[in-house]
>>> print(open('target27.pdb').read())   # PDB, C-alpha atoms
ATOM      1  CA  PRO A   1      25.490  18.523  76.167  1.00  0.00           C
ATOM      2  CA  ASP A   2      22.248  20.485  76.559  1.00  0.00           C
ATOM      3  CA  PHE A   3      22.880  24.071  75.465  1.00  0.00           C
ATOM      4  CA  LEU A   4      19.578  25.451  76.762  1.00  0.00           C
ATOM      5  CA  LYS A   5      19.991  23.871  80.182  1.00  0.00           C
ATOM      6  CA  ALA A   6      23.506  25.293  80.428  1.00  0.00           C
ATOM      7  CA  ILE A   7      22.411  28.892  79.820  1.00  0.00           C
ATOM      8  CA  ALA A   8      18.971  28.924  81.454  1.00  0.00           C
ATOM      9  CA  GLU A   9      20.411  29.387  84.939  1.00  0.00           C
ATOM     10  CA  PRO A  10      23.817  30.860  85.818  1.00  0.00           C
ATOM     11  CA  PRO A  11      26.272  28.732  87.802  1.00  0.00           C
ATOM     12  CA  ASP A  12      26.510  29.369  91.521  1.00  0.00           C
ATOM     13  CA  GLY A  13      28.229  32.668  92.237  1.00  0.00           C
ATOM     14  CA  GLN A  14      27.803  34.063  88.703  1.00  0.00           C
ATOM     15  CA  PRO A  15      25.213  36.694  87.755  1.00  0.00           C
ATOM     16  CA  VAL A  16      24.799  35.188  84.263  1.00  0.00           C
ATOM     17  CA  ALA A  17      25.930  32.150  82.325  1.00  0.00           C
ATOM     18  CA  VAL A  18      28.844  32.948  80.013  1.00  0.00           C
ATOM     19  CA  ILE A  19      29.077  31.712  76.434  1.00  0.00           C
ATOM     20  CA  ALA A  20      32.793  32.152  75.750  1.00  0.00           C
ATOM     21  CA  GLU A  21      33.725  32.540  72.105  1.00  0.00           C
ATOM     22  CA  PHE A  22      36.645  31.354  70.018  1.00  0.00           C
ATOM     23  CA  LYS A  23      37.097  34.196  67.526  1.00  0.00           C
ATOM     24  CA  GLN A  24      40.437  34.870  65.892  1.00  0.00           C
ATOM     25  CA  SER A  25      39.391  37.822  63.707  1.00  0.00           C
ATOM     26  CA  SER A  26      36.385  39.934  62.751  1.00  0.00           C
ATOM     27  CA  PRO A  27      35.406  42.521  60.117  1.00  0.00           C
ATOM     28  CA  SER A  28      35.315  45.291  62.741  1.00  0.00           C
ATOM     29  CA  ARG A  29      38.655  44.463  64.423  1.00  0.00           C
ATOM     30  CA  GLY A  30      40.713  42.527  61.911  1.00  0.00           C
ATOM     31  CA  VAL A  31      43.040  39.994  63.558  1.00  0.00           C
ATOM     32  CA  ILE A  32      42.232  39.652  67.265  1.00  0.00           C
ATOM     33  CA  ALA A  33      44.375  36.649  68.215  1.00  0.00           C
ATOM     34  CA  SER A  34      46.271  34.132  66.161  1.00  0.00           C
ATOM     35  CA  GLY A  35      48.218  30.977  66.829  1.00  0.00           C
ATOM     36  CA  LEU A  36      45.883  29.689  69.546  1.00  0.00           C
ATOM     37  CA  LYS A  37      44.838  26.055  69.332  1.00  0.00           C
ATOM     38  CA  PRO A  38      41.051  25.658  69.529  1.00  0.00           C
ATOM     39  CA  GLU A  39      41.199  22.622  71.802  1.00  0.00           C
ATOM     40  CA  GLU A  40      43.477  24.411  74.273  1.00  0.00           C
ATOM     41  CA  VAL A  41      41.200  27.452  74.376  1.00  0.00           C
ATOM     42  CA  ALA A  42      38.209  25.169  74.974  1.00  0.00           C
ATOM     43  CA  GLU A  43      39.967  23.584  77.949  1.00  0.00           C
ATOM     44  CA  GLN A  44      40.822  27.037  79.304  1.00  0.00           C
ATOM     45  CA  TYR A  45      37.228  28.189  79.023  1.00  0.00           C
ATOM     46  CA  ALA A  46      35.920  25.025  80.695  1.00  0.00           C
ATOM     47  CA  ALA A  47      38.342  25.514  83.599  1.00  0.00           C
ATOM     48  CA  SER A  48      37.599  29.236  83.969  1.00  0.00           C
ATOM     49  CA  GLY A  49      33.817  29.191  84.414  1.00  0.00           C
ATOM     50  CA  ALA A  50      32.288  29.207  80.931  1.00  0.00           C
ATOM     51  CA  SER A  51      28.904  27.523  80.614  1.00  0.00           C
ATOM     52  CA  CYS A  52      29.132  27.076  76.828  1.00  0.00           C
ATOM     53  CA  ILE A  53      31.501  27.826  73.969  1.00  0.00           C
ATOM     54  CA  SER A  54      30.659  29.757  70.827  1.00  0.00           C
ATOM     55  CA  VAL A  55      32.703  28.637  67.841  1.00  0.00           C
ATOM     56  CA  LEU A  56      33.103  30.865  64.785  1.00  0.00           C
ATOM     57  CA  THR A  57      33.121  28.598  61.735  1.00  0.00           C
ATOM     58  CA  GLU A  58      32.780  31.306  59.052  1.00  0.00           C
ATOM     59  CA  GLU A  59      36.017  31.361  57.053  1.00  0.00           C
ATOM     60  CA  GLN A  60      36.114  34.518  54.908  1.00  0.00           C
ATOM     61  CA  PHE A  61      35.491  37.208  57.522  1.00  0.00           C
ATOM     62  CA  PHE A  62      36.202  35.463  60.846  1.00  0.00           C
ATOM     63  CA  GLY A  63      38.927  32.967  59.981  1.00  0.00           C
ATOM     64  CA  GLY A  64      36.887  30.083  61.356  1.00  0.00           C
ATOM     65  CA  ARG A  65      36.723  26.415  60.389  1.00  0.00           C
ATOM     66  CA  ILE A  66      33.906  23.945  60.889  1.00  0.00           C
ATOM     67  CA  GLY A  67      36.540  21.471  62.059  1.00  0.00           C
ATOM     68  CA  TYR A  68      37.027  23.579  65.177  1.00  0.00           C
ATOM     69  CA  LEU A  69      33.776  22.151  66.544  1.00  0.00           C
ATOM     70  CA  GLU A  70      35.203  18.639  66.654  1.00  0.00           C
ATOM     71  CA  ARG A  71      38.416  19.846  68.264  1.00  0.00           C
ATOM     72  CA  MET A  72      36.672  22.004  70.884  1.00  0.00           C
ATOM     73  CA  GLY A  73      33.962  19.496  71.724  1.00  0.00           C
ATOM     74  CA  ARG A  74      36.429  17.411  73.697  1.00  0.00           C
ATOM     75  CA  ALA A  75      36.280  19.946  76.548  1.00  0.00           C
ATOM     76  CA  GLY A  76      32.751  18.727  77.324  1.00  0.00           C
ATOM     77  CA  LEU A  77      30.871  22.037  77.188  1.00  0.00           C
ATOM     78  CA  PRO A  78      27.896  22.650  74.886  1.00  0.00           C
ATOM     79  CA  LEU A  79      28.997  24.245  71.612  1.00  0.00           C
ATOM     80  CA  LEU A  80      27.186  26.954  69.656  1.00  0.00           C
ATOM     81  CA  ARG A  81      28.024  27.044  65.944  1.00  0.00           C
ATOM     82  CA  LYS A  82      28.224  30.706  64.942  1.00  0.00           C
ATOM     83  CA  ASP A  83      28.083  31.294  61.200  1.00  0.00           C
ATOM     84  CA  PHE A  84      25.889  32.812  58.508  1.00  0.00           C
ATOM     85  CA  ILE A  85      23.333  30.005  58.408  1.00  0.00           C
ATOM     86  CA  PHE A  86      20.399  30.391  56.027  1.00  0.00           C
ATOM     87  CA  HIS A  87      19.990  27.002  54.302  1.00  0.00           C
ATOM     88  CA  GLN A  88      18.795  23.582  55.420  1.00  0.00           C
ATOM     89  CA  LEU A  89      22.001  21.961  54.160  1.00  0.00           C
ATOM     90  CA  GLN A  90      23.937  24.080  56.664  1.00  0.00           C
ATOM     91  CA  VAL A  91      21.708  22.808  59.467  1.00  0.00           C
ATOM     92  CA  MET A  92      22.338  19.249  58.300  1.00  0.00           C
ATOM     93  CA  GLU A  93      26.073  19.978  58.185  1.00  0.00           C
ATOM     94  CA  THR A  94      25.945  21.336  61.751  1.00  0.00           C
ATOM     95  CA  ALA A  95      24.150  18.212  62.934  1.00  0.00           C
ATOM     96  CA  SER A  96      27.110  16.144  61.731  1.00  0.00           C
ATOM     97  CA  THR A  97      29.377  17.960  64.237  1.00  0.00           C
ATOM     98  CA  PRO A  98      29.440  18.003  68.068  1.00  0.00           C
ATOM     99  CA  ALA A  99      27.537  21.309  68.103  1.00  0.00           C
ATOM    100  CA  SER A 100      24.642  21.505  70.570  1.00  0.00           C
ATOM    101  CA  ALA A 101      23.193  24.666  69.027  1.00  0.00           C
ATOM    102  CA  LEU A 102      23.422  26.937  66.006  1.00  0.00           C
ATOM    103  CA  LEU A 103      22.897  30.622  65.389  1.00  0.00           C
ATOM    104  CA  LEU A 104      20.163  32.035  63.153  1.00  0.00           C
ATOM    105  CA  ILE A 105      20.296  35.773  62.441  1.00  0.00           C
ATOM    106  CA  VAL A 106      17.084  37.628  61.687  1.00  0.00           C
ATOM    107  CA  ARG A 107      18.933  40.306  59.703  1.00  0.00           C
ATOM    108  CA  LEU A 108      20.356  37.574  57.462  1.00  0.00           C
ATOM    109  CA  THR A 109      17.072  35.684  57.094  1.00  0.00           C
ATOM    110  CA  PRO A 110      14.291  38.205  57.740  1.00  0.00           C
ATOM    111  CA  ASP A 111      11.536  35.740  56.963  1.00  0.00           C
ATOM    112  CA  ALA A 112       9.712  34.079  59.836  1.00  0.00           C
ATOM    113  CA  ARG A 113       8.742  31.025  57.815  1.00  0.00           C
ATOM    114  CA  THR A 114      12.335  30.302  56.770  1.00  0.00           C
ATOM    115  CA  LEU A 115      13.547  30.811  60.320  1.00  0.00           C
ATOM    116  CA  ARG A 116      10.894  28.415  61.605  1.00  0.00           C
ATOM    117  CA  VAL A 117      11.880  25.742  59.091  1.00  0.00           C
ATOM    118  CA  LEU A 118      15.563  26.029  60.063  1.00  0.00           C
ATOM    119  CA  ARG A 119      14.803  26.076  63.786  1.00  0.00           C
ATOM    120  CA  GLU A 120      12.506  23.064  63.628  1.00  0.00           C
ATOM    121  CA  GLN A 121      15.051  21.177  61.546  1.00  0.00           C
ATOM    122  CA  ALA A 122      17.756  21.909  64.124  1.00  0.00           C
ATOM    123  CA  GLU A 123      15.493  20.759  66.938  1.00  0.00           C
ATOM    124  CA  ALA A 124      14.636  17.580  65.032  1.00  0.00           C
ATOM    125  CA  TYR A 125      18.356  16.809  65.045  1.00  0.00           C
ATOM    126  CA  GLY A 126      18.513  17.381  68.807  1.00  0.00           C
ATOM    127  CA  MET A 127      20.075  20.829  68.660  1.00  0.00           C
ATOM    128  CA  HIS A 128      18.833  24.216  69.869  1.00  0.00           C
ATOM    129  CA  ALA A 129      18.511  27.316  67.691  1.00  0.00           C
ATOM    130  CA  VAL A 130      19.636  30.705  68.998  1.00  0.00           C
ATOM    131  CA  VAL A 131      17.823  33.450  67.076  1.00  0.00           C
ATOM    132  CA  GLU A 132      19.653  36.770  67.002  1.00  0.00           C
ATOM    133  CA  VAL A 133      17.864  40.124  66.953  1.00  0.00           C
ATOM    134  CA  PHE A 134      18.917  43.747  67.097  1.00  0.00           C
ATOM    135  CA  ASP A 135      15.703  45.712  67.551  1.00  0.00           C
ATOM    136  CA  PRO A 136      11.980  45.226  68.269  1.00  0.00           C
ATOM    137  CA  ALA A 137      11.186  44.615  64.588  1.00  0.00           C
ATOM    138  CA  ASP A 138      13.681  41.745  64.530  1.00  0.00           C
ATOM    139  CA  LEU A 139      12.179  40.429  67.759  1.00  0.00           C
ATOM    140  CA  ASP A 140       8.704  40.310  66.208  1.00  0.00           C
ATOM    141  CA  ILE A 141      10.034  38.150  63.368  1.00  0.00           C
ATOM    142  CA  ALA A 142      11.919  35.910  65.809  1.00  0.00           C
ATOM    143  CA  ARG A 143       8.783  35.323  67.859  1.00  0.00           C
ATOM    144  CA  GLU A 144       6.705  34.683  64.765  1.00  0.00           C
ATOM    145  CA  SER A 145       9.194  31.935  63.903  1.00  0.00           C
ATOM    146  CA  GLY A 146       8.672  30.353  67.327  1.00  0.00           C
ATOM    147  CA  ALA A 147      12.087  31.213  68.742  1.00  0.00           C
ATOM    148  CA  ARG A 148      12.592  30.500  72.425  1.00  0.00           C
ATOM    149  CA  ILE A 149      16.269  31.433  72.755  1.00  0.00           C
ATOM    150  CA  ILE A 150      16.741  35.104  71.884  1.00  0.00           C
ATOM    151  CA  GLN A 151      20.165  36.659  71.449  1.00  0.00           C
ATOM    152  CA  VAL A 152      20.299  40.450  71.367  1.00  0.00           C
ATOM    153  CA  ASN A 153      23.327  41.748  69.502  1.00  0.00           C
ATOM    154  CA  ALA A 154      24.578  45.142  70.657  1.00  0.00           C
ATOM    155  CA  ARG A 155      26.302  45.469  67.280  1.00  0.00           C
ATOM    156  CA  ASP A 156      24.284  46.882  64.399  1.00  0.00           C
ATOM    157  CA  LEU A 157      25.199  44.583  61.517  1.00  0.00           C
ATOM    158  CA  ASP A 158      24.502  47.403  59.042  1.00  0.00           C
ATOM    159  CA  THR A 159      26.993  49.871  60.586  1.00  0.00           C
ATOM    160  CA  LEU A 160      29.103  47.551  62.815  1.00  0.00           C
ATOM    161  CA  LYS A 161      28.702  50.080  65.637  1.00  0.00           C
ATOM    162  CA  THR A 162      27.857  48.788  69.116  1.00  0.00           C
ATOM    163  CA  ASP A 163      25.411  50.165  71.663  1.00  0.00           C
ATOM    164  CA  ARG A 164      25.453  48.112  74.852  1.00  0.00           C
ATOM    165  CA  GLN A 165      22.723  50.155  76.525  1.00  0.00           C
ATOM    166  CA  ALA A 166      20.383  49.631  73.584  1.00  0.00           C
ATOM    167  CA  CYS A 167      21.014  45.907  73.939  1.00  0.00           C
ATOM    168  CA  LEU A 168      20.202  45.993  77.652  1.00  0.00           C
ATOM    169  CA  ASP A 169      17.070  48.046  77.023  1.00  0.00           C
ATOM    170  CA  MET A 170      15.723  45.314  74.737  1.00  0.00           C
ATOM    171  CA  ALA A 171      15.327  43.036  77.767  1.00  0.00           C
ATOM    172  CA  LYS A 172      12.182  44.916  78.760  1.00  0.00           C
ATOM    173  CA  PHE A 173      10.456  42.986  75.985  1.00  0.00           C
ATOM    174  CA  ARG A 174      11.388  39.561  77.362  1.00  0.00           C
ATOM    175  CA  ARG A 175       8.495  37.163  77.919  1.00  0.00           C
ATOM    176  CA  GLU A 176       8.038  34.277  80.312  1.00  0.00           C
ATOM    177  CA  GLY A 177       9.463  31.081  78.907  1.00  0.00           C
ATOM    178  CA  GLU A 178      12.140  32.794  76.798  1.00  0.00           C
ATOM    179  CA  VAL A 179      15.869  32.636  77.524  1.00  0.00           C
ATOM    180  CA  TRP A 180      17.788  35.752  76.555  1.00  0.00           C
ATOM    181  CA  ILE A 181      21.473  36.229  75.705  1.00  0.00           C
ATOM    182  CA  ALA A 182      23.276  39.587  75.502  1.00  0.00           C
ATOM    183  CA  ALA A 183      26.017  39.663  72.864  1.00  0.00           C
ATOM    184  CA  SER A 184      28.785  42.087  71.871  1.00  0.00           C
ATOM    185  CA  ALA A 185      30.296  44.949  73.900  1.00  0.00           C
ATOM    186  CA  MET A 186      30.509  42.834  77.076  1.00  0.00           C
ATOM    187  CA  SER A 187      34.009  43.153  78.517  1.00  0.00           C
ATOM    188  CA  ALA A 188      33.859  43.576  82.302  1.00  0.00           C
ATOM    189  CA  GLY A 189      32.320  42.092  85.405  1.00  0.00           C
ATOM    190  CA  ALA A 190      30.105  45.152  85.758  1.00  0.00           C
ATOM    191  CA  HIS A 191      28.697  44.483  82.290  1.00  0.00           C
ATOM    192  CA  LEU A 192      27.726  40.963  83.334  1.00  0.00           C
ATOM    193  CA  ARG A 193      25.960  42.254  86.435  1.00  0.00           C
ATOM    194  CA  GLU A 194      24.112  44.887  84.416  1.00  0.00           C
ATOM    195  CA  ALA A 195      22.984  42.256  81.917  1.00  0.00           C
ATOM    196  CA  ALA A 196      21.631  40.112  84.753  1.00  0.00           C
ATOM    197  CA  GLU A 197      19.840  43.066  86.310  1.00  0.00           C
ATOM    198  CA  ALA A 198      18.259  43.903  82.953  1.00  0.00           C
ATOM    199  CA  GLY A 199      16.836  40.383  82.684  1.00  0.00           C
ATOM    200  CA  PHE A 200      19.334  38.406  80.623  1.00  0.00           C
ATOM    201  CA  GLN A 201      20.203  34.847  81.637  1.00  0.00           C
ATOM    202  CA  ALA A 202      23.449  34.673  79.642  1.00  0.00           C
ATOM    203  CA  VAL A 203      26.031  36.780  77.831  1.00  0.00           C
ATOM    204  CA  LEU A 204      28.226  35.954  74.861  1.00  0.00           C
ATOM    205  CA  MET A 205      31.782  37.261  75.059  1.00  0.00           C
ATOM    206  CA  GLY A 206      34.353  36.948  72.311  1.00  0.00           C
ATOM    207  CA  THR A 207      36.713  39.804  71.505  1.00  0.00           C
ATOM    208  CA  ALA A 208      37.154  40.809  75.153  1.00  0.00           C
ATOM    209  CA  LEU A 209      38.382  37.305  75.977  1.00  0.00           C
ATOM    210  CA  MET A 210      40.482  36.602  72.892  1.00  0.00           C
ATOM    211  CA  ASP A 211      42.233  39.986  72.796  1.00  0.00           C
ATOM    212  CA  GLY A 212      45.701  39.517  74.232  1.00  0.00           C
ATOM    213  CA  GLY A 213      45.920  35.792  73.571  1.00  0.00           C
ATOM    214  CA  LYS A 214      45.023  34.562  77.066  1.00  0.00           C
ATOM    215  CA  PRO A 215      41.272  33.875  76.873  1.00  0.00           C
ATOM    216  CA  GLY A 216      41.032  31.616  79.927  1.00  0.00           C
ATOM    217  CA  GLU A 217      42.788  34.121  82.161  1.00  0.00           C
ATOM    218  CA  LYS A 218      40.613  36.947  80.833  1.00  0.00           C
ATOM    219  CA  LEU A 219      37.411  35.030  81.560  1.00  0.00           C
ATOM    220  CA  ALA A 220      38.514  34.114  85.074  1.00  0.00           C
ATOM    221  CA  ALA A 221      39.436  37.742  85.806  1.00  0.00           C
ATOM    222  CA  ILE A 222      36.102  39.086  84.528  1.00  0.00           C
ATOM    223  CA  LEU A 223      34.135  36.546  86.564  1.00  0.00           C
ATOM    224  CA  GLU A 224      36.235  37.444  89.621  1.00  0.00           C
ATOM    225  CA  GLU A 225      35.063  41.048  89.203  1.00  0.00           C
ATOM    226  CA  THR A 226      31.434  39.939  89.607  1.00  0.00           C
ATOM    227  CA  ILE A 227      31.938  38.492  93.107  1.00  0.00           C
TER     228      ILE A 227
END
>>> encode(input="target27.pdb", output="structure tokens")
Amino acid sequence: PDFLKAIAEPPDGQPVAVIAEFKQSSPSRGVIASGLKPEEVAEQYAASGASCISVLTEEQFFGGRIGYLERMGRAGLPLLRKDFIFHQLQVMETASTPASALLLIVRLTPDARTLRVLREQAEAYGMHAVVEVFDPADLDIARESGARIIQVNARDLDTLKTDRQACLDMAKFRREGEVWIAASAMSAGAHLREAAEAGFQAVLMGTALMDGGKPGEKLAAILEETI
């Protein structure tokens, strides 16, 4: 499935497209939810209004598995592989899965040339590359690499603190032809509306959906708040 097409325009009745994440734990929260089957969560997200699914595959800090992509792909939504990707072999590995897109993080690979090589390799395999930034300096590097899908993380990866307003304020730098995603600290319908008003086309939600062990119900309730 085409990841970019799925996030470029929100579904009817939604202010933004939602990339719903399967995340069982994180460094900032520890265990968020356990015992959930990836394929069942994917079906819940597909039935509850998600446009895409973000799949944590990083094992040490997030408890992910690359095999989750195969299991969650059966729901039919575009998948974003979310991991610490910095090498061409990882892009090749991602291309061997059902993933439609992968995440590249400027703070992890703060070199425009390397980012460009990874992005172009992903695109050669038929995938999209989401390039994550935190501040204007990151954005300059992302643009130098040719990124067209920009994800703004409200979480400072150096301190793990979140600032949702700082994330929203970044949208003033958006240019024509770019698709922007707001990530982290999104947990309510009002947050989705504010992201849309700021200029974002999509939001990525993980912890807010997984917390409590009923991700599909959480997503449906949040989207109901936006009506």
>>> resolve_selection(input="target27.pdb", expression="the PyMOL selection byres ((chain A and resi 197) around 12)", output="PDB file with C-alpha atoms, in the frame of the given file")
ATOM      1  CA  PRO A  15      25.213  36.694  87.755  1.00  0.00           C
ATOM      2  CA  VAL A  16      24.799  35.188  84.263  1.00  0.00           C
ATOM      3  CA  LEU A 168      20.202  45.993  77.652  1.00  0.00           C
ATOM      4  CA  ASP A 169      17.070  48.046  77.023  1.00  0.00           C
ATOM      5  CA  ALA A 171      15.327  43.036  77.767  1.00  0.00           C
ATOM      6  CA  LYS A 172      12.182  44.916  78.760  1.00  0.00           C
ATOM      7  CA  ALA A 182      23.276  39.587  75.502  1.00  0.00           C
ATOM      8  CA  ALA A 190      30.105  45.152  85.758  1.00  0.00           C
ATOM      9  CA  HIS A 191      28.697  44.483  82.290  1.00  0.00           C
ATOM     10  CA  LEU A 192      27.726  40.963  83.334  1.00  0.00           C
ATOM     11  CA  ARG A 193      25.960  42.254  86.435  1.00  0.00           C
ATOM     12  CA  GLU A 194      24.112  44.887  84.416  1.00  0.00           C
ATOM     13  CA  ALA A 195      22.984  42.256  81.917  1.00  0.00           C
ATOM     14  CA  ALA A 196      21.631  40.112  84.753  1.00  0.00           C
ATOM     15  CA  ALA A 198      18.259  43.903  82.953  1.00  0.00           C
ATOM     16  CA  GLY A 199      16.836  40.383  82.684  1.00  0.00           C
ATOM     17  CA  PHE A 200      19.334  38.406  80.623  1.00  0.00           C
ATOM     18  CA  GLN A 201      20.203  34.847  81.637  1.00  0.00           C
ATOM     19  CA  ALA A 202      23.449  34.673  79.642  1.00  0.00           C
TER      20      ALA A 202
END
>>> resolve_selection(input="target27.pdb", expression="the PyMOL selection byres ((chain A and resi 6) around 10)", output="mmCIF file with C-alpha atoms, in the frame of the given file")
data_model
loop_
_atom_site.group_PDB
_atom_site.id
_atom_site.type_symbol
_atom_site.label_atom_id
_atom_site.label_comp_id
_atom_site.auth_asym_id
_atom_site.auth_seq_id
_atom_site.Cartn_x
_atom_site.Cartn_y
_atom_site.Cartn_z
ATOM 1 C CA PRO A 1 25.490 18.523 76.167
ATOM 2 C CA ASP A 2 22.248 20.485 76.559
ATOM 3 C CA PHE A 3 22.880 24.071 75.465
ATOM 4 C CA LEU A 4 19.578 25.451 76.762
ATOM 5 C CA LYS A 5 19.991 23.871 80.182
ATOM 6 C CA ILE A 7 22.411 28.892 79.820
ATOM 7 C CA ALA A 8 18.971 28.924 81.454
ATOM 8 C CA GLU A 9 20.411 29.387 84.939
ATOM 9 C CA PRO A 10 23.817 30.860 85.818
ATOM 10 C CA PRO A 11 26.272 28.732 87.802
ATOM 11 C CA ALA A 17 25.930 32.150 82.325
ATOM 12 C CA VAL A 18 28.844 32.948 80.013
ATOM 13 C CA ILE A 19 29.077 31.712 76.434
ATOM 14 C CA ALA A 50 32.288 29.207 80.931
ATOM 15 C CA SER A 51 28.904 27.523 80.614
ATOM 16 C CA CYS A 52 29.132 27.076 76.828
ATOM 17 C CA LEU A 77 30.871 22.037 77.188
ATOM 18 C CA PRO A 78 27.896 22.650 74.886
ATOM 19 C CA ALA A 202 23.449 34.673 79.642
#
>>> atom_distance(input="target27.pdb", atom1="CA of Asp163 in chain A", atom2="CA of Glu217 in chain A")
25.9 Å
>>> residues_around(input="target27.pdb", residues="Gly206 in chain A", least_positions_apart="5", cutoff="7 Å", atoms="all atoms listed in the file", output="MDAnalysis selection string")
chainID A and resid 20:23
>>> write_last_selection(input="target27.pdb", atoms="C-alpha atoms", output="PDB file, in the frame of the given file")
ATOM      1  CA  ALA A  20      32.793  32.152  75.750  1.00  0.00           C
ATOM      2  CA  GLU A  21      33.725  32.540  72.105  1.00  0.00           C
ATOM      3  CA  PHE A  22      36.645  31.354  70.018  1.00  0.00           C
ATOM      4  CA  LYS A  23      37.097  34.196  67.526  1.00  0.00           C
TER       5      LYS A  23
END
>>> closest_residue(input="target27.pdb", among="A:Gly73, A:Met205, A:Val117, A:Asp83", to="Glu59 in chain A", atoms="all atoms listed in the file")
A:Asp83
>>> atom_distance(input="target27.pdb", atom1="CA of Arg155 in chain A", atom2="CA of Val203 in chain A")
13.7 Å
>>> closest_residue(input="target27.pdb", among="A:Ser100, A:Thr114, A:Gln90, A:Gln60", to="Glu144 in chain A", atoms="only C-alpha atoms")
A:Thr114
>>> residues_around(input="target27.pdb", residues="range 62-71 of chain A", least_positions_apart="5", cutoff="6 Å", atoms="all atoms listed in the file", output="compact mmCIF listing (two decimals) with C-alpha atoms, keeping the file's coordinate frame")
# COMPACT_ATOMS: atom_id res chain seq x y z
CA SER A 25 39.39 37.82 63.71
CA SER A 26 36.38 39.93 62.75
CA GLU A 39 41.20 22.62 71.80
CA LEU A 56 33.10 30.86 64.78
CA THR A 57 33.12 28.60 61.74
CA PRO A 98 29.44 18.00 68.07
>>> decode(input="target27.pdb", residues="range 41-46 of chain A", atoms="all heavy atoms", output="JSON list (two decimals), in the first residue's frame")
[["chain", "number", "residue", "atom", "x", "y", "z"],
["A", 41, "VAL", "N", -3.97, -6.26, 16.95],
["A", 41, "VAL", "CA", -3.91, -4.80, 17.07],
["A", 41, "VAL", "C", -4.02, -4.14, 15.70],
["A", 41, "VAL", "O", -4.72, -3.13, 15.52],
["A", 41, "VAL", "CB", -2.62, -4.36, 17.78],
["A", 41, "VAL", "CG1", -2.48, -2.84, 17.76],
["A", 41, "VAL", "CG2", -2.61, -4.87, 19.21],
["A", 42, "ALA", "N", -3.37, -4.73, 14.70],
["A", 42, "ALA", "CA", -3.45, -4.19, 13.34],
["A", 42, "ALA", "C", -4.89, -4.20, 12.84],
["A", 42, "ALA", "O", -5.36, -3.22, 12.23],
["A", 42, "ALA", "CB", -2.56, -4.99, 12.40],
["A", 43, "GLU", "N", -5.61, -5.27, 13.09],
["A", 43, "GLU", "CA", -7.01, -5.35, 12.67],
["A", 43, "GLU", "C", -7.85, -4.31, 13.41],
["A", 43, "GLU", "O", -8.75, -3.69, 12.82],
["A", 43, "GLU", "CB", -7.55, -6.76, 12.93],
["A", 43, "GLU", "CG", -6.92, -7.85, 12.06],
["A", 43, "GLU", "CD", -7.32, -7.74, 10.60],
["A", 43, "GLU", "OE1", -8.25, -6.99, 10.27],
["A", 43, "GLU", "OE2", -6.69, -8.43, 9.77],
["A", 44, "GLN", "N", -7.56, -4.12, 14.69],
["A", 44, "GLN", "CA", -8.29, -3.10, 15.46],
["A", 44, "GLN", "C", -8.05, -1.71, 14.89],
["A", 44, "GLN", "O", -8.99, -0.92, 14.73],
["A", 44, "GLN", "CB", -7.84, -3.14, 16.92],
["A", 44, "GLN", "CG", -8.27, -4.36, 17.71],
["A", 44, "GLN", "CD", -7.73, -4.33, 19.13],
["A", 44, "GLN", "OE1", -7.54, -3.26, 19.73],
["A", 44, "GLN", "NE2", -7.45, -5.51, 19.68],
["A", 45, "TYR", "N", -6.80, -1.41, 14.59],
["A", 45, "TYR", "CA", -6.48, -0.09, 14.05],
["A", 45, "TYR", "C", -7.16, 0.12, 12.70],
["A", 45, "TYR", "O", -7.70, 1.20, 12.41],
["A", 45, "TYR", "CB", -4.98, 0.06, 13.88],
["A", 45, "TYR", "CG", -4.22, 0.36, 15.15],
["A", 45, "TYR", "CD1", -2.87, 0.03, 15.28],
["A", 45, "TYR", "CD2", -4.82, 1.01, 16.22],
["A", 45, "TYR", "CE1", -2.15, 0.33, 16.43],
["A", 45, "TYR", "CE2", -4.12, 1.30, 17.38],
["A", 45, "TYR", "CZ", -2.78, 0.96, 17.48],
["A", 45, "TYR", "OH", -2.08, 1.25, 18.61],
["A", 46, "ALA", "N", -7.14, -0.90, 11.85],
["A", 46, "ALA", "CA", -7.76, -0.79, 10.52],
["A", 46, "ALA", "C", -9.26, -0.54, 10.64],
["A", 46, "ALA", "O", -9.83, 0.21, 9.84],
["A", 46, "ALA", "CB", -7.49, -2.05, 9.71]]
